[in-house]
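Student: start10.json is reproduced in full below (JSON, C-alpha atoms and all ligand atoms).
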```
[["chain", "number", "residue", "atom", "x", "y", "z"],
["H", 1, "MET", "CA", 98.54, 101.72, 65.12],
["H", 2, "ASP", "CA", 100.27, 105.07, 64.72],
["H", 3, "ILE", "CA", 101.72, 106.20, 68.06],
["H", 4, "LYS", "CA", 102.91, 109.80, 68.38],
["H", 5, "GLN", "CA", 102.00, 110.94, 71.86],
["H", 6, "VAL", "CA", 103.11, 108.69, 74.72],
["H", 7, "MET", "CA", 102.15, 109.26, 78.35],
["H", 8, "VAL", "CA", 104.26, 107.76, 81.13],
["H", 9, "ILE", "CA", 102.53, 107.52, 84.50],
["H", 10, "GLY", "CA", 104.95, 107.67, 87.43],
["H", 11, "ALA", "CA", 108.28, 109.49, 87.20],
["H", 12, "GLY", "CA", 110.35, 107.31, 89.55],
["H", 13, "GLN", "CA", 113.35, 105.19, 88.56],
["H", 14, "MET", "CA", 111.43, 103.22, 85.94],
["H", 15, "GLY", "CA", 109.07, 105.93, 84.66],
["H", 16, "SER", "CA", 111.92, 108.35, 83.99],
["H", 17, "GLY", "CA", 113.87, 105.62, 82.16],
["H", 18, "ILE", "CA", 110.80, 104.73, 80.09],
["H", 19, "ALA", "CA", 110.31, 108.43, 79.18],
["H", 20, "HIS", "CA", 114.02, 108.60, 78.26],
["H", 21, "VAL", "CA", 113.92, 105.74, 75.74],
["H", 22, "HIS", "CA", 110.65, 106.88, 74.14],
["H", 23, "ALA", "CA", 111.96, 110.43, 73.66],
["H", 24, "LEU", "CA", 115.18, 109.03, 72.23],
["H", 25, "ALA", "CA", 113.17, 107.00, 69.71],
["H", 26, "GLY", "CA", 111.40, 110.18, 68.54],
["H", 27, "PHE", "CA", 108.09, 110.03, 70.44],
["H", 28, "GLU", "CA", 106.53, 113.01, 72.19],
["H", 29, "VAL", "CA", 106.33, 112.08, 75.87],
["H", 30, "MET", "CA", 104.24, 113.40, 78.75],
["H", 31, "LEU", "CA", 105.83, 112.40, 82.05],
["H", 32, "TYR", "CA", 103.10, 112.37, 84.71],
["H", 33, "ASP", "CA", 103.40, 111.96, 88.48],
["H", 34, "LEU", "CA", 101.30, 112.99, 91.47],
["H", 35, "ASP", "CA", 104.42, 114.50, 92.90],
["H", 36, "GLN", "CA", 106.04, 117.46, 91.08],
["H", 37, "ALA", "CA", 109.36, 116.83, 92.88],
["H", 38, "SER", "CA", 109.50, 113.29, 91.42],
["H", 39, "ILE", "CA", 109.02, 114.67, 87.91],
["H", 40, "GLU", "CA", 111.80, 117.19, 88.39],
["H", 41, "LYS", "CA", 114.12, 114.51, 89.81],
["H", 42, "GLY", "CA", 113.22, 112.25, 86.86],
["H", 43, "ILE", "CA", 113.99, 114.96, 84.29],
["H", 44, "GLN", "CA", 117.27, 115.71, 86.08],
["H", 45, "THR", "CA", 118.26, 112.03, 85.86],
["H", 46, "ILE", "CA", 117.40, 111.89, 82.16],
["H", 47, "THR", "CA", 119.33, 115.13, 81.48],
["H", 48, "LYS", "CA", 122.42, 113.81, 83.31],
["H", 49, "GLN", "CA", 122.32, 110.58, 81.30],
["H", 50, "PHE", "CA", 122.11, 112.47, 78.00],
["H", 51, "GLN", "CA", 124.93, 114.79, 79.10],
["H", 52, "ARG", "CA", 127.09, 111.74, 79.72],
["H", 53, "GLN", "CA", 126.30, 110.52, 76.20],
["H", 54, "VAL", "CA", 127.35, 113.94, 74.82],
["H", 55, "GLU", "CA", 130.62, 113.78, 76.81],
["H", 56, "LYS", "CA", 131.31, 110.34, 75.36],
["H", 57, "GLY", "CA", 130.65, 111.66, 71.85],
["H", 58, "ARG", "CA", 127.64, 109.40, 71.31],
["H", 59, "MET", "CA", 125.22, 112.31, 70.92],
["H", 60, "THR", "CA", 125.60, 115.98, 69.95],
["H", 61, "GLU", "CA", 124.37, 118.80, 72.17],
["H", 62, "GLY", "CA", 121.81, 119.67, 69.51],
["H", 63, "GLU", "CA", 120.46, 116.09, 69.54],
["H", 64, "MET", "CA", 120.30, 116.17, 73.33],
["H", 65, "ASP", "CA", 118.31, 119.43, 73.32],
["H", 66, "ILE", "CA", 115.85, 118.13, 70.71],
["H", 67, "THR", "CA", 115.37, 114.86, 72.61],
["H", 68, "LEU", "CA", 114.85, 116.64, 75.93],
["H", 69, "SER", "CA", 112.36, 119.03, 74.30],
["H", 70, "ARG", "CA", 110.16, 116.02, 73.50],
["H", 71, "ILE", "CA", 109.62, 115.33, 77.21],
["H", 72, "HIS", "CA", 106.81, 117.36, 78.79],
["H", 73, "GLN", "CA", 105.89, 117.41, 82.47],
["H", 74, "SER", "CA", 102.38, 116.72, 83.68],
["H", 75, "THR", "CA", 100.61, 116.58, 87.04],
["H", 76, "GLU", "CA", 97.17, 116.45, 85.37],
["H", 77, "LEU", "CA", 95.79, 112.99, 84.73],
["H", 78, "GLN", "CA", 93.40, 114.71, 82.28],
["H", 79, "ASP", "CA", 96.37, 114.83, 79.89],
["H", 80, "ALA", "CA", 95.57, 111.15, 79.21],
["H", 81, "LYS", "CA", 92.94, 112.53, 76.80],
["H", 82, "LYS", "CA", 95.78, 113.44, 74.42],
["H", 83, "ALA", "CA", 97.70, 110.14, 74.62],
["H", 84, "ASP", "CA", 97.91, 107.46, 71.89],
["H", 85, "PHE", "CA", 99.79, 105.10, 74.18],
["H", 86, "ILE", "CA", 100.03, 105.06, 77.98],
["H", 87, "VAL", "CA", 102.56, 103.16, 80.04],
["H", 88, "GLU", "CA", 102.18, 103.04, 83.80],
["H", 89, "ALA", "CA", 105.11, 102.78, 86.23],
["H", 90, "VAL", "CA", 103.77, 103.73, 89.67],
["H", 91, "VAL", "CA", 104.29, 101.85, 92.92],
["H", 92, "GLU", "CA", 103.89, 98.03, 92.78],
["H", 93, "ASN", "CA", 100.50, 97.90, 94.51],
["H", 94, "MET", "CA", 97.38, 96.36, 93.00],
["H", 95, "GLU", "CA", 94.92, 98.80, 94.54],
["H", 96, "VAL", "CA", 96.87, 101.83, 93.34],
["H", 97, "LYS", "CA", 97.21, 100.37, 89.85],
["H", 98, "THR", "CA", 93.56, 99.32, 89.46],
["H", 99, "ASN", "CA", 92.32, 102.75, 90.66],
["H", 100, "LEU", "CA", 94.61, 104.40, 88.18],
["H", 101, "PHE", "CA", 93.61, 102.13, 85.28],
["H", 102, "ALA", "CA", 89.90, 102.77, 85.93],
["H", 103, "LYS", "CA", 90.58, 106.53, 85.72],
["H", 104, "LEU", "CA", 92.78, 106.20, 82.63],
["H", 105, "ASP", "CA", 90.09, 104.11, 80.97],
["H", 106, "ASP", "CA", 87.60, 106.97, 81.49],
["H", 107, "LEU", "CA", 89.97, 109.63, 80.20],
["H", 108, "ALA", "CA", 92.00, 108.13, 77.36],
["H", 109, "PRO", "CA", 90.72, 107.91, 73.76],
["H", 110, "ALA", "CA", 88.94, 104.61, 73.05],
["H", 111, "ASP", "CA", 91.75, 103.11, 70.97],
["H", 112, "THR", "CA", 94.59, 104.08, 73.32],
["H", 113, "ILE", "CA", 96.58, 101.09, 74.60],
["H", 114, "LEU", "CA", 97.12, 101.00, 78.37],
["H", 115, "ALA", "CA", 100.38, 99.22, 79.23],
["H", 116, "THR", "CA", 101.73, 98.49, 82.70],
["H", 117, "ASN", "CA", 105.35, 98.10, 83.72],
["H", 118, "THR", "CA", 104.36, 95.99, 86.73],
["H", 119, "SER", "CA", 107.11, 93.58, 87.82],
["H", 120, "SER", "CA", 104.79, 90.87, 89.05],
["H", 121, "LEU", "CA", 101.09, 91.76, 89.34],
["H", 122, "PRO", "CA", 98.53, 89.93, 87.18],
["H", 123, "ILE", "CA", 97.81, 91.83, 83.95],
["H", 124, "THR", "CA", 94.37, 90.21, 83.72],
["H", 125, "GLU", "CA", 93.33, 91.70, 87.06],
["H", 126, "ILE", "CA", 94.61, 95.18, 86.14],
["H", 127, "ALA", "CA", 92.79, 94.88, 82.79],
["H", 128, "ALA", "CA", 89.54, 93.92, 84.55],
["H", 129, "ALA", "CA", 89.48, 97.36, 86.21],
["H", 130, "THR", "CA", 88.85, 98.86, 82.76],
["H", 131, "ASN", "CA", 86.21, 98.55, 80.04],
["H", 132, "ARG", "CA", 88.92, 97.80, 77.49],
["H", 133, "PRO", "CA", 90.70, 94.66, 78.76],
["H", 134, "GLU", "CA", 91.65, 93.82, 75.15],
["H", 135, "LYS", "CA", 93.80, 96.99, 75.09],
["H", 136, "VAL", "CA", 95.63, 96.34, 78.36],
["H", 137, "ILE", "CA", 99.04, 94.66, 78.28],
["H", 138, "GLY", "CA", 102.18, 94.17, 80.38],
["H", 139, "MET", "CA", 105.32, 95.89, 79.11],
["H", 140, "HIS", "CA", 107.98, 95.05, 81.66],
["H", 141, "PHE", "CA", 111.18, 97.06, 81.20],
["H", 142, "MET", "CA", 114.35, 96.20, 83.10],
["H", 143, "ASN", "CA", 116.31, 98.59, 85.30],
["H", 144, "PRO", "CA", 118.19, 100.73, 84.20],
["H", 145, "VAL", "CA", 115.83, 101.15, 81.26],
["H", 146, "PRO", "CA", 118.19, 103.00, 78.89],
["H", 147, "VAL", "CA", 120.81, 100.23, 79.25],
["H", 148, "MET", "CA", 118.88, 96.97, 79.48],
["H", 149, "LYS", "CA", 117.82, 95.31, 76.24],
["H", 150, "LEU", "CA", 114.98, 93.12, 77.45],
["H", 151, "VAL", "CA", 111.27, 93.96, 77.58],
["H", 152, "GLU", "CA", 109.01, 91.16, 78.82],
["H", 153, "ILE", "CA", 105.64, 91.50, 77.09],
["H", 154, "ILE", "CA", 102.75, 89.93, 78.94],
["H", 155, "ARG", "CA", 99.32, 89.34, 77.50],
["H", 156, "GLY", "CA", 96.34, 89.43, 79.84],
["H", 157, "LEU", "CA", 93.58, 86.91, 79.25],
["H", 158, "ALA", "CA", 91.73, 89.32, 76.94],
["H", 159, "THR", "CA", 94.65, 91.15, 75.28],
["H", 160, "ALA", "CA", 93.99, 91.46, 71.53],
["H", 161, "ASP", "CA", 96.54, 90.19, 68.99],
["H", 162, "ASP", "CA", 96.88, 93.58, 67.29],
["H", 163, "VAL", "CA", 97.62, 95.19, 70.66],
["H", 164, "TYR", "CA", 100.36, 92.62, 71.28],
["H", 165, "GLU", "CA", 101.78, 93.27, 67.79],
["H", 166, "THR", "CA", 101.73, 97.06, 68.30],
["H", 167, "VAL", "CA", 103.62, 96.77, 71.59],
["H", 168, "GLU", "CA", 106.09, 94.29, 70.11],
["H", 169, "ALA", "CA", 106.79, 96.69, 67.21],
["H", 170, "LEU", "CA", 107.08, 99.63, 69.62],
["H", 171, "THR", "CA", 109.62, 97.70, 71.73],
["H", 172, "LYS", "CA", 111.75, 97.13, 68.64],
["H", 173, "LYS", "CA", 111.51, 100.84, 67.78],
["H", 174, "LEU", "CA", 112.95, 101.53, 71.23],
["H", 175, "ASN", "CA", 115.88, 99.34, 70.17],
["H", 176, "LYS", "CA", 114.96, 96.65, 72.70],
["H", 177, "THR", "CA", 114.24, 92.95, 72.45],
["H", 178, "PRO", "CA", 110.69, 91.79, 73.25],
["H", 179, "VAL", "CA", 110.13, 88.39, 74.84],
["H", 180, "GLU", "CA", 106.56, 87.13, 75.15],
["H", 181, "VAL", "CA", 105.56, 85.46, 78.40],
["H", 182, "ASN", "CA", 102.26, 84.38, 79.92],
["H", 183, "ASP", "CA", 100.42, 86.05, 82.76],
["H", 184, "PHE", "CA", 101.61, 84.26, 85.92],
["H", 185, "PRO", "CA", 102.85, 85.94, 89.11],
["H", 186, "GLY", "CA", 106.33, 87.40, 88.59],
["H", 187, "PHE", "CA", 106.24, 86.40, 84.89],
["H", 188, "VAL", "CA", 109.65, 84.82, 84.15],
["H", 189, "SER", "CA", 112.15, 87.48, 85.22],
["H", 190, "ASN", "CA", 111.02, 88.01, 88.78],
["H", 191, "ARG", "CA", 109.84, 84.47, 89.40],
["H", 192, "VAL", "CA", 113.42, 83.36, 88.88],
["H", 193, "LEU", "CA", 115.29, 86.41, 90.20],
["H", 194, "MET", "CA", 113.34, 87.38, 93.33],
["H", 195, "PRO", "CA", 113.46, 84.04, 95.21],
["H", 196, "MET", "CA", 117.24, 84.17, 94.72],
["H", 197, "ILE", "CA", 117.38, 87.68, 96.18],
["H", 198, "ASN", "CA", 115.06, 86.63, 99.03],
["H", 199, "GLU", "CA", 117.30, 83.62, 99.77],
["H", 200, "ALA", "CA", 120.36, 85.90, 99.79],
["H", 201, "ILE", "CA", 118.56, 88.06, 102.39],
["H", 202, "TYR", "CA", 117.83, 84.90, 104.45],
["H", 203, "THR", "CA", 121.53, 84.05, 104.49],
["H", 204, "VAL", "CA", 122.24, 87.48, 106.03],
["H", 205, "TYR", "CA", 119.25, 87.13, 108.41],
["H", 206, "GLU", "CA", 120.45, 83.73, 109.62],
["H", 207, "GLY", "CA", 124.01, 84.99, 110.09],
["H", 208, "VAL", "CA", 125.47, 82.74, 107.41],
["H", 209, "ALA", "CA", 127.42, 85.65, 105.91],
["H", 210, "THR", "CA", 127.62, 89.44, 105.64],
["H", 211, "PRO", "CA", 125.97, 91.21, 102.67],
["H", 212, "GLU", "CA", 129.45, 91.86, 101.24],
["H", 213, "ALA", "CA", 130.34, 88.16, 101.49],
["H", 214, "VAL", "CA", 127.06, 87.02, 99.89],
["H", 215, "ASP", "CA", 127.56, 89.42, 96.99],
["H", 216, "GLU", "CA", 131.20, 88.40, 96.56],
["H", 217, "VAL", "CA", 130.24, 84.70, 96.42],
["H", 218, "MET", "CA", 127.65, 85.31, 93.73],
["H", 219, "LYS", "CA", 129.88, 87.63, 91.70],
["H", 220, "LEU", "CA", 133.08, 85.60, 91.76],
["H", 221, "GLY", "CA", 131.51, 82.16, 92.10],
["H", 222, "MET", "CA", 128.57, 82.42, 89.71],
["H", 223, "ASN", "CA", 129.87, 85.17, 87.44],
["H", 224, "HIS", "CA", 126.95, 87.47, 88.21],
["H", 225, "PRO", "CA", 127.87, 91.05, 87.24],
["H", 226, "MET", "CA", 126.30, 92.34, 90.47],
["H", 227, "GLY", "CA", 125.65, 90.57, 93.78],
["H", 228, "PRO", "CA", 121.99, 89.89, 94.72],
["H", 229, "LEU", "CA", 121.97, 92.33, 97.65],
["H", 230, "THR", "CA", 123.50, 95.14, 95.61],
["H", 231, "LEU", "CA", 120.87, 94.36, 92.97],
["H", 232, "ALA", "CA", 118.08, 94.36, 95.61],
["H", 233, "ASP", "CA", 119.22, 97.82, 96.80],
["H", 234, "PHE", "CA", 119.23, 98.97, 93.21],
["H", 235, "ILE", "CA", 115.74, 97.62, 92.46],
["H", 236, "GLY", "CA", 114.33, 99.05, 95.71],
["H", 237, "LEU", "CA", 113.59, 96.90, 98.76],
["H", 238, "ASP", "CA", 109.93, 97.98, 98.79],
["H", 239, "THR", "CA", 109.56, 96.73, 95.22],
["H", 240, "CYS", "CA", 111.34, 93.46, 96.16],
["H", 241, "LEU", "CA", 108.93, 92.96, 99.06],
["H", 242, "TYR", "CA", 105.85, 93.67, 96.92],
["H", 243, "ILE", "CA", 107.06, 91.14, 94.35],
["H", 244, "MET", "CA", 107.73, 88.44, 96.98],
["H", 245, "GLU", "CA", 104.26, 89.05, 98.43],
["H", 246, "THR", "CA", 102.73, 88.70, 94.97],
["H", 247, "LEU", "CA", 104.58, 85.40, 94.41],
["H", 248, "HIS", "CA", 103.63, 84.13, 97.87],
["H", 249, "GLU", "CA", 99.99, 85.06, 97.45],
["H", 250, "GLY", "CA", 99.83, 83.87, 93.83],
["H", 251, "PHE", "CA", 101.42, 80.44, 94.31],
["H", 252, "GLY", "CA", 100.70, 79.92, 98.02],
["H", 253, "ASP", "CA", 103.97, 78.06, 98.48],
["H", 254, "ASP", "CA", 106.14, 78.71, 101.54],
["H", 255, "LYS", "CA", 109.23, 78.91, 99.37],
["H", 256, "TYR", "CA", 108.10, 82.42, 98.36],
["H", 257, "ARG", "CA", 107.70, 83.71, 101.93],
["H", 258, "PRO", "CA", 109.40, 87.15, 102.18],
["H", 259, "CYS", "CA", 112.33, 87.16, 104.58],
["H", 260, "PRO", "CA", 111.51, 88.98, 107.87],
["H", 261, "LEU", "CA", 114.69, 91.03, 107.46],
["H", 262, "LEU", "CA", 113.37, 92.37, 104.14],
["H", 263, "ARG", "CA", 110.13, 93.42, 105.88],
["H", 264, "LYS", "CA", 112.10, 95.05, 108.67],
["H", 265, "TYR", "CA", 114.24, 97.13, 106.29],
["H", 266, "VAL", "CA", 111.16, 98.30, 104.38],
["H", 267, "LYS", "CA", 109.41, 99.26, 107.64],
["H", 268, "ALA", "CA", 112.53, 101.22, 108.63],
["H", 269, "GLY", "CA", 112.38, 103.11, 105.32],
["H", 270, "TRP", "CA", 115.67, 101.51, 104.23],
["H", 271, "LEU", "CA", 114.57, 101.03, 100.64],
["H", 272, "GLY", "CA", 118.00, 100.78, 99.05],
["H", 273, "LYS", "CA", 119.85, 103.18, 96.81],
["H", 274, "LYS", "CA", 116.87, 105.49, 96.27],
["H", 275, "THR", "CA", 116.67, 106.36, 99.99],
["H", 276, "GLY", "CA", 120.44, 106.24, 100.63],
["H", 277, "ARG", "CA", 120.36, 103.06, 102.73],
["H", 278, "GLY", "CA", 119.48, 99.40, 102.25],
["H", 279, "PHE", "CA", 121.92, 96.52, 102.65],
["H", 280, "TYR", "CA", 124.57, 99.15, 101.94],
["H", 281, "VAL", "CA", 124.88, 102.86, 102.73],
["H", 282, "TYR", "CA", 124.98, 105.29, 99.80],
["H", 283, "HIS", "CA", 126.32, 108.80, 99.96],
["H", 284, "LYS", "CA", 124.51, 111.19, 97.64],
["H", 301, "LIG", "P1", 109.69, 104.45, 92.33],
["H", 301, "LIG", "O1", 109.35, 104.39, 93.78],
["H", 301, "LIG", "O2", 111.05, 104.90, 91.91],
["H", 301, "LIG", "O3", 108.63, 105.41, 91.56],
["H", 301, "LIG", "C1", 107.26, 105.34, 91.68],
["H", 301, "LIG", "C2", 106.67, 106.70, 91.30],
["H", 301, "LIG", "O4", 105.25, 106.58, 91.22],
["H", 301, "LIG", "C3", 106.96, 107.80, 92.33],
["H", 301, "LIG", "O5", 107.53, 108.92, 91.65],
["H", 301, "LIG", "C4", 105.58, 108.16, 92.89],
["H", 301, "LIG", "O6", 105.45, 109.55, 93.19],
["H", 301, "LIG", "C5", 104.67, 107.76, 91.75],
["H", 301, "LIG", "N1", 103.29, 107.44, 92.12],
["H", 301, "LIG", "C6", 102.85, 106.66, 93.13],
["H", 301, "LIG", "N2", 101.51, 106.57, 93.08],
["H", 301, "LIG", "C7", 101.11, 107.27, 92.00],
["H", 301, "LIG", "C8", 99.86, 107.54, 91.39],
["H", 301, "LIG", "N3", 98.72, 107.05, 91.90],
["H", 301, "LIG", "N4", 99.82, 108.31, 90.27],
["H", 301, "LIG", "C9", 100.97, 108.81, 89.76],
["H", 301, "LIG", "N5", 102.18, 108.58, 90.27],
["H", 301, "LIG", "C10", 102.25, 107.84, 91.39],
["H", 301, "LIG", "O7", 109.36, 103.00, 91.75],
["H", 301, "LIG", "P2", 109.99, 102.25, 90.46],
["H", 301, "LIG", "O8", 111.17, 101.47, 90.88],
["H", 301, "LIG", "O9", 110.11, 103.22, 89.35],
["H", 301, "LIG", "O10", 108.83, 101.19, 90.14],
["H", 301, "LIG", "C11", 107.66, 101.54, 89.44],
["H", 301, "LIG", "C12", 107.02, 100.31, 88.83],
["H", 301, "LIG", "O11", 107.96, 99.66, 87.96],
["H", 301, "LIG", "C13", 106.55, 99.25, 89.84],
["H", 301, "LIG", "O12", 105.39, 98.64, 89.36],
["H", 301, "LIG", "C14", 107.73, 98.28, 89.81],
["H", 301, "LIG", "O13", 107.34, 96.98, 90.21],
["H", 301, "LIG", "C15", 108.09, 98.30, 88.34],
["H", 301, "LIG", "N6", 109.47, 97.88, 88.03],
["H", 301, "LIG", "C16", 110.52, 98.24, 88.85],
["H", 301, "LIG", "C17", 111.79, 97.82, 88.55],
["H", 301, "LIG", "C18", 112.95, 98.22, 89.43],
["H", 301, "LIG", "O14", 114.06, 97.67, 89.26],
["H", 301, "LIG", "N7", 112.78, 99.14, 90.35],
["H", 301, "LIG", "C19", 112.10, 97.00, 87.36],
["H", 301, "LIG", "C20", 110.94, 96.75, 86.52],
["H", 301, "LIG", "C21", 109.68, 97.15, 86.88]]
```
For the file at hand, write its structure as structure tokens.
Ligand code: NAI

Tutor:
Amino acid sequence: MDIKQVMVIGAGQMGSGIAHVHALAGFEVMLYDLDQASIEKGIQTITKQFQRQVEKGRMTEGEMDITLSRIHQSTELQDAKKADFIVEAVVENMEVKTNLFAKLDDLAPADTILATNTSSLPITEIAAATNRPEKVIGMHFMNPVPVMKLVEIIRGLATADDVYETVEALTKKLNKTPVEVNDFPGFVSNRVLMPMINEAIYTVYEGVATPEAVDEVMKLGMNHPMGPLTLADFIGLDTCLYIMETLHEGFGDDKYRPCPLLRKYVKAGWLGKKTGRGFYVYHK
């Protein structure tokens, strides 16, 4: 399938990164969000990242301007009518995603693929909200999108082979490595990562160690480039909680129970780096 016009739904941390890598690979991108301020913040982030590339001599100013000119802002979901490929990166909530997919299904051309960047929610259930489940697929980018090489590609029960192949080829065009996984809660990445983060939060909750100490143990002792609590702040504590809830609900096992301290921080609005406070305090 020939993809020219990509639409990214949600201009937060992930959506802006996804728009960045598509524009860099030469696609025209519409960056859509309900919230105009999020789009502007997203474009600012992308611009800063390109400027850094120019400073490092990895890109010319002319290349930066051309790449940025491929990214268009949108607050009109109707723009889905013009999209060959849509990738969704809104909040990790099933109801929000299924409502959105039902609307996108009504608006987008019949052969447009609808991909979701969900970290943990079942692709099959998102696909069932549409009349084109064969064209719905999981395309799970890692954070920060411009840096991380992996894209987990998840087939729903009905995903067609040619849709999988198109998304696999697209991932390679973005200079990333696709890995195919099956549709189970958390896929592979978050099924392995999130219980570790949740356990790290339990160690703080139970007074075993401070966040700094937990992170130091995992960095120096296990050679992790970033401690689990720094990583949780970076991912967003709301997203971490949603993922733990999805694992808990999906597998029903107590080992996936979200730590009460994680719930407390989310209720307090301490969502990590994006709000300036999580396990650590960030100065803007
Ligand atoms: P975020 O909170 O930074 O951004 C979410 C954006 O979605 C916000 O700009 C918000 O205004 C917008 N939004 C919410 N409801 C909307 C709707 N109905 N229509 C349009 N826009 C809407 O969240 P983030 O971190 O970018 O996560 C987005 C998705 O990516 C989630 O599904 C998350 O699980 C997934 N993800 C997150 C990763 C991370 O490290 N944060 C890594 C990989 C996937």

Student: Hey, what's within 9 Å of Glu28 in chain H if we count only C-alpha atoms and toss same-chain stuff fewer than 2 positions away? As a PDB file with C-alpha atoms, keeping the file's coordinate frame, please?

Tutor:
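The resulting file, around_31.pdb, is shown below:
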```
ATOM      1  CA  LYS H   4     102.910 109.800  68.380  1.00  0.00           C
ATOM      2  CA  GLN H   5     102.000 110.940  71.860  1.00  0.00           C
ATOM      3  CA  VAL H   6     103.110 108.690  74.720  1.00  0.00           C
ATOM      4  CA  MET H   7     102.150 109.260  78.350  1.00  0.00           C
ATOM      5  CA  HIS H  22     110.650 106.880  74.140  1.00  0.00           C
ATOM      6  CA  ALA H  23     111.960 110.430  73.660  1.00  0.00           C
ATOM      7  CA  GLY H  26     111.400 110.180  68.540  1.00  0.00           C
ATOM      8  CA  MET H  30     104.240 113.400  78.750  1.00  0.00           C
ATOM      9  CA  SER H  69     112.360 119.030  74.300  1.00  0.00           C
ATOM     10  CA  ARG H  70     110.160 116.020  73.500  1.00  0.00           C
ATOM     11  CA  ILE H  71     109.620 115.330  77.210  1.00  0.00           C
ATOM     12  CA  HIS H  72     106.810 117.360  78.790  1.00  0.00           C
TER      13      HIS H  72
END
```

Student: Kindly provide the residues of chain H that approach ligand LIG 301 (chain H) to within 6 Å, each paired with its closest atom pair and their distance in Å to one decimal, based on only C-alpha atoms and all ligand atoms, listed by chain and increasing number, as a Markdown table.

Tutor:
```
| residue | atom | partner | partner_atom | distance |
| --- | --- | --- | --- | --- |
| H:Ile9 | CA | H:LIG301 | C9 | 5.6 |
| H:Gly10 | CA | H:LIG301 | O4 | 4.0 |
| H:Ala11 | CA | H:LIG301 | O5 | 4.5 |
| H:Gly12 | CA | H:LIG301 | O3 | 3.3 |
| H:Gln13 | CA | H:LIG301 | O9 | 3.9 |
| H:Met14 | CA | H:LIG301 | O9 | 3.7 |
| H:Gly15 | CA | H:LIG301 | O9 | 5.5 |
| H:Asp33 | CA | H:LIG301 | N5 | 4.0 |
| H:Leu34 | CA | H:LIG301 | C9 | 4.5 |
| H:Asp35 | CA | H:LIG301 | O6 | 5.1 |
| H:Ser38 | CA | H:LIG301 | O5 | 4.8 |
| H:Ala89 | CA | H:LIG301 | C12 | 4.1 |
| H:Val90 | CA | H:LIG301 | O4 | 3.6 |
| H:Val91 | CA | H:LIG301 | C13 | 4.6 |
| H:Glu92 | CA | H:LIG301 | O12 | 3.8 |
| H:Val96 | CA | H:LIG301 | N3 | 5.7 |
| H:Asn117 | CA | H:LIG301 | O11 | 5.2 |
| H:Thr118 | CA | H:LIG301 | O12 | 3.9 |
| H:Ser119 | CA | H:LIG301 | O13 | 4.2 |
| H:His140 | CA | H:LIG301 | C21 | 5.9 |
| H:Phe141 | CA | H:LIG301 | C20 | 5.3 |
| H:Met142 | CA | H:LIG301 | C20 | 4.9 |
| H:Asn143 | CA | H:LIG301 | O14 | 4.6 |
| H:Ile235 | CA | H:LIG301 | O14 | 3.6 |
| H:Gly236 | CA | H:LIG301 | N7 | 5.6 |
| H:Thr239 | CA | H:LIG301 | O13 | 5.5 |
```

Student: Select, from H:Tyr164, H:Tyr280, H:Tyr202, H:Phe184, the residue with the minimum atom-to-atom distance to Arg263 in chain H, counting only C-alpha atoms.

Tutor: H:Tyr202

Student: For Gly207 in chain H, which residue among H:Leu114, H:Glu168, H:Leu261, H:Ser189 is the nearest when counting only C-alpha atoms?

Tutor: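 When distances to Gly207 in chain H are compared using only C-alpha atoms, the smallest one comes from H:Leu261.
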
Student: Which residues come within 12 Å of Phe187 in chain H, counting all atoms listed in the file, excluding same-chain residues fewer than 6 positions away, as a ChimeraX atom specification?

Tutor: /H:117-123,138-140,151-156,179-181,193-194,243,246-247,250

Student: Using only C-alpha atoms for the distances, tell me which of H:Gln49, H:Leu237, H:Ile18, H:Leu31 is nearest to Thr116 in chain H.

Tutor: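 Between H:Gln49, H:Leu237, H:Ile18, H:Leu31, the residue approaching Thr116 in chain H most closely is H:Ile18.
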
Student: How many Å lie between CA of Asn182 in chain H and CA of Ile201 in chain H, rounded to one decimal?

Tutor: 28.0 Å

Student: Between CA of Ile3 in chain H and CA of Asp84 in chain H, what is the distance in Å, rounded to a tenth?

Tutor: 5.5 Å
